[in-house]
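Colleague: Okay, handing you the structure first.
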Amino acid sequence: MRKLLVSFFSISLILGTILVPVHAQGQIAASVTLHNVDTSTFPVITGFVDVTDANGIFASGLKPDAVSVLENGQPIPADSFTEMAIPLQLAVAFNQGEALDARNANGISRFQRVSQIILQWAQARPTDLPDDLSLVSQAGPIINHAPAADFIVGLEGFEPDLRTATPNLQSLVTALDVVSAQTPRIGVKRAILFITPQMEDANLAASLEPLIQRAVESNIHVFVWYVDANTTFTTTSAAVFNNLAIQTGGSMFQFSGEERFPDPEVYFSPLRRIYTLSYTSHLNASGDHNISLQVNVPSTGMVASTPQTFSLNVLPPNPIPVSPALQITRQAPEDDPFNSEILLPETQELEIIIEFPDGFERPLARTTLYVDGVNVAENTAEPFNKFNWDLIPYTVSGEHQLTVEVVDSLGLSKTSMPLPILVTVIKAPSGPAAFLAKYRMQFTFGAIIFAGLVLFVILLGGRFRFLSLRAMQEQRRVQSDPLTQSIAVMAAEPPATEVKEKSPKRQPKPRKAKTAEKSENEAAASLARIQADGQFSAVPPIPLNGKEIVIGTDPVQCTQILDDPSISSVHARIRTTEDGGYLLLDVQSIVGTWVNYEPISREGCRLEHGDMVNFGQLKYRFLLRTPPLPRTPKITPVNPDE
């Protein structure tokens, strides 16, 4: 009776263990797993997605419309959901034991049969996918993370001592360590082909439990080839290994020597497929965020993935103006300097650089240029980094504040620091002097023509006078020549004796000499133009005549016109003092007036011979016609006894 109870208990334990995998297989459900969420190309976020159906098989053929991304709970459509082939990371683990050395009638052992099938698979596997293959035993790794060619060489040379080896779980532990290492490529899946005989260990299920949990957490699929006598196929050991395979997403094949081996590629082909996901994020704040997927799997329905958390640092874009002109001068065209209706330039091009401090370059929605807080130019399409500032409304000199605002596709915006820009407007001269200057070419040509006519008349009159004088001289010569004089007829009576007095010769009157008087109106002082190299310019000096000289660009208000953007309409005055000196005054000019590189005060500055005077950017030397005598230094002797 006691033996019967023991036998019944053993059979119940075996049946219960065998039923475990069948029950576990029935509990398999479709799954969606998101791997390696990558935010390096934000706002586009990518990742790898593994989708399996209710049978644990990779769900192939899914399209983007079957996927919905939940970003912090908000649904976002997927931009792409593409199926792709990937390599496999596989470790073949041999649990050596005497049962693997059992031979058939031809003397071929079970180990040799198993090795031959694996070699055939390794030689016929897809060559375009660089699988990562390893071979391990109880002694440790034999081939570690090698390509297929090296794996084949290692397996062909592997000759374990099967008769003396005792089966244990060390080869499975080593295989888990090997495939748990960093994969050679993102998204690569891991698998173990575990070849083992029966293990007569009462604690086998308990020993395998942490290994199963580790494999499940690392998403490692374990496929078991149970190689032993067929009488062991229904043992507790077989049931426990079958449970290992099913719990980790693999399967188990039992081989006693007569069974037909399955093609290993049937195991590994679904592991060579994965989906790549990309979507455009709507996040516009830094911090921790979570993402999950909802995938409509055929024959199963909607399946959700486990949410994953990722950190993101998002900052608004930063606009930076590129070397803007800090001063813009508007004036009449060079070929028409007296045009009072047109001021050039009419537009000013501005360029900016847009930086992304968070390192995530993304599309822009708008860039806006503000002048004194007023929107003057806006871009809503490319190019976003250039503006054309309309300058026509600016007809008076003044300083203006420029700022640039940029808004990205996430709605984040930032405005640049205010940039002061000085707009100088030089108006065209007006009045009689301006009229004469405007038509100076016409007047010049008219004067030249008039002078030519006068000269022609003078030359013509001189010619006539020369001819008349020559005729008079010829007439006098003829009259004074006795050969050309007529002879008087003699009378019958004897002529009376005539005494002819010889008249004295007419003396020519003395001609008065005309003395040309040279009048020179030389100024007592002048301003000589100095070049950038310190030499005197070829421009004539400015004479300082009269009681006051007014310097500027306005020909109506000024007596001396200086044509330079840095000169104000009325820039400075030079007055003659009662003692014959010269006083320089600044008339609130924009750029200023300096003497010897120092700005003059409101009271003005008395000029001395040789002083350096700056009107804006123009440089002059003050010179007296009669320079003062150099002072002779006075030497006072010092008595050393005092």
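Just so we're on the same page: first chain in the structure tokens is A, next is B, and so on; residues restart at 1 for each chain, and ligands are numbered from 1 in the order they show up.
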What's the 8 Å shell around Thr559 (chain A), counting only C-alpha atoms, without same-chain residues fewer than 6 positions away, as a PDB file with C-alpha atoms, in the first residue's frame?

Modeller:
```
ATOM      1  CA  ILE A 549      32.883 131.361 -39.890  1.00  0.00           C
ATOM      2  CA  VAL A 550      29.941 128.874 -39.686  1.00  0.00           C
ATOM      3  CA  ILE A 551      30.863 125.270 -40.554  1.00  0.00           C
TER       4      ILE A 551
END
```

Colleague: Need the shell around Ser413 (chain A): protein/DNA/RNA residues with any atom at most 9 Å away, counting only C-alpha atoms. Skip same-chain ones fewer than 5 positions apart. Format as JSON, numbers by chain?

Modeller: {"A": [316, 317, 318, 405, 406, 407, 408]}

Colleague: Return the single residue from A:Pro321, A:Gly107, A:Pro141, A:Gly546 that is closest to Asp177 (chain A), with distances computed using only C-alpha atoms.

Modeller: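 Among the listed residues, A:Pro141 lies closest to Asp177 (chain A).
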
Colleague: Hey, what does DSSP flag as strand (DSSP E) within region 74-296 of chain A? Can you give it to me as number ranges by chain?

Modeller: A: 74-77, 80-85, 88-94, 132-137, 140-146, 189-196, 220-227, 252-255, 273-280, 287-296

Colleague: What are the DSSP alpha helix (DSSP H) residues of region 61-200 of chain A, as a ChimeraX atom specification?

Modeller: /A:110-124,148-156,170-179

Colleague: Between CA of Thr127 (chain A) and CA of Ala149 (chain A), what is the distance, to one decimal in Å?

Modeller: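 Separation between CA of Thr127 (chain A) and CA of Ala149 (chain A): 10.5 Å.
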
Colleague: From the set A:Phe387, A:Trp121, A:Tyr597, A:Phe111, which residue has the shortest atom-to-atom contact distance to Asn95 (chain A), counting only C-alpha atoms?

Modeller: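 Closest to Asn95 (chain A) of all the choices is A:Phe111.
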
Colleague: Using CA of Glu346 (chain A) and CA of Leu419 (chain A) as the two end points, give the distance in Å to one decimal.

Modeller: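 If I compute the distance from CA of Glu346 (chain A) to CA of Leu419 (chain A), I get 20.1 Å.
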
Colleague: Write out as an MDAnalysis selection string the residues lying within 10 Å of Thr166 (chain A), counting only C-alpha atoms and excluding same-chain residues fewer than 5 positions away.

Modeller: chainID A and resid 95:98 138 199

Colleague: Could you save those same residues with C-alpha atoms as a PDB file, in the first residue's frame?

Modeller:
```
ATOM      1  CA  ASN A  95      25.174  21.070 -21.130  1.00  0.00           C
ATOM      2  CA  GLN A  96      27.616  18.178 -21.419  1.00  0.00           C
ATOM      3  CA  GLY A  97      26.583  14.750 -20.163  1.00  0.00           C
ATOM      4  CA  GLU A  98      26.959  11.058 -20.967  1.00  0.00           C
ATOM      5  CA  GLN A 138      30.239  24.195 -18.483  1.00  0.00           C
ATOM      6  CA  MET A 199      19.137  16.379 -15.070  1.00  0.00           C
TER       7      MET A 199
END
```

Colleague: As a count of residues only, please: the residues near region 219-229 of chain A (cut-off 7 Å, only C-alpha atoms, same-chain neighbours under 6 positions excluded).

Modeller: 22

Colleague: How far is it from CA of Ala325 (chain A) to CA of Ala377 (chain A), in Å with one decimal?

Modeller: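 Spanning CA of Ala325 (chain A) to CA of Ala377 (chain A) is a straight-line distance of 17.3 Å.
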
Colleague: Which of these, A:Ser323, A:Leu277, A:Pro383, A:Thr231, has the shortest distance to Leu62 (chain A) once you count only C-alpha atoms?

Modeller: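 Comparing A:Ser323, A:Leu277, A:Pro383, A:Thr231 against Leu62 (chain A), the winner is A:Leu277.
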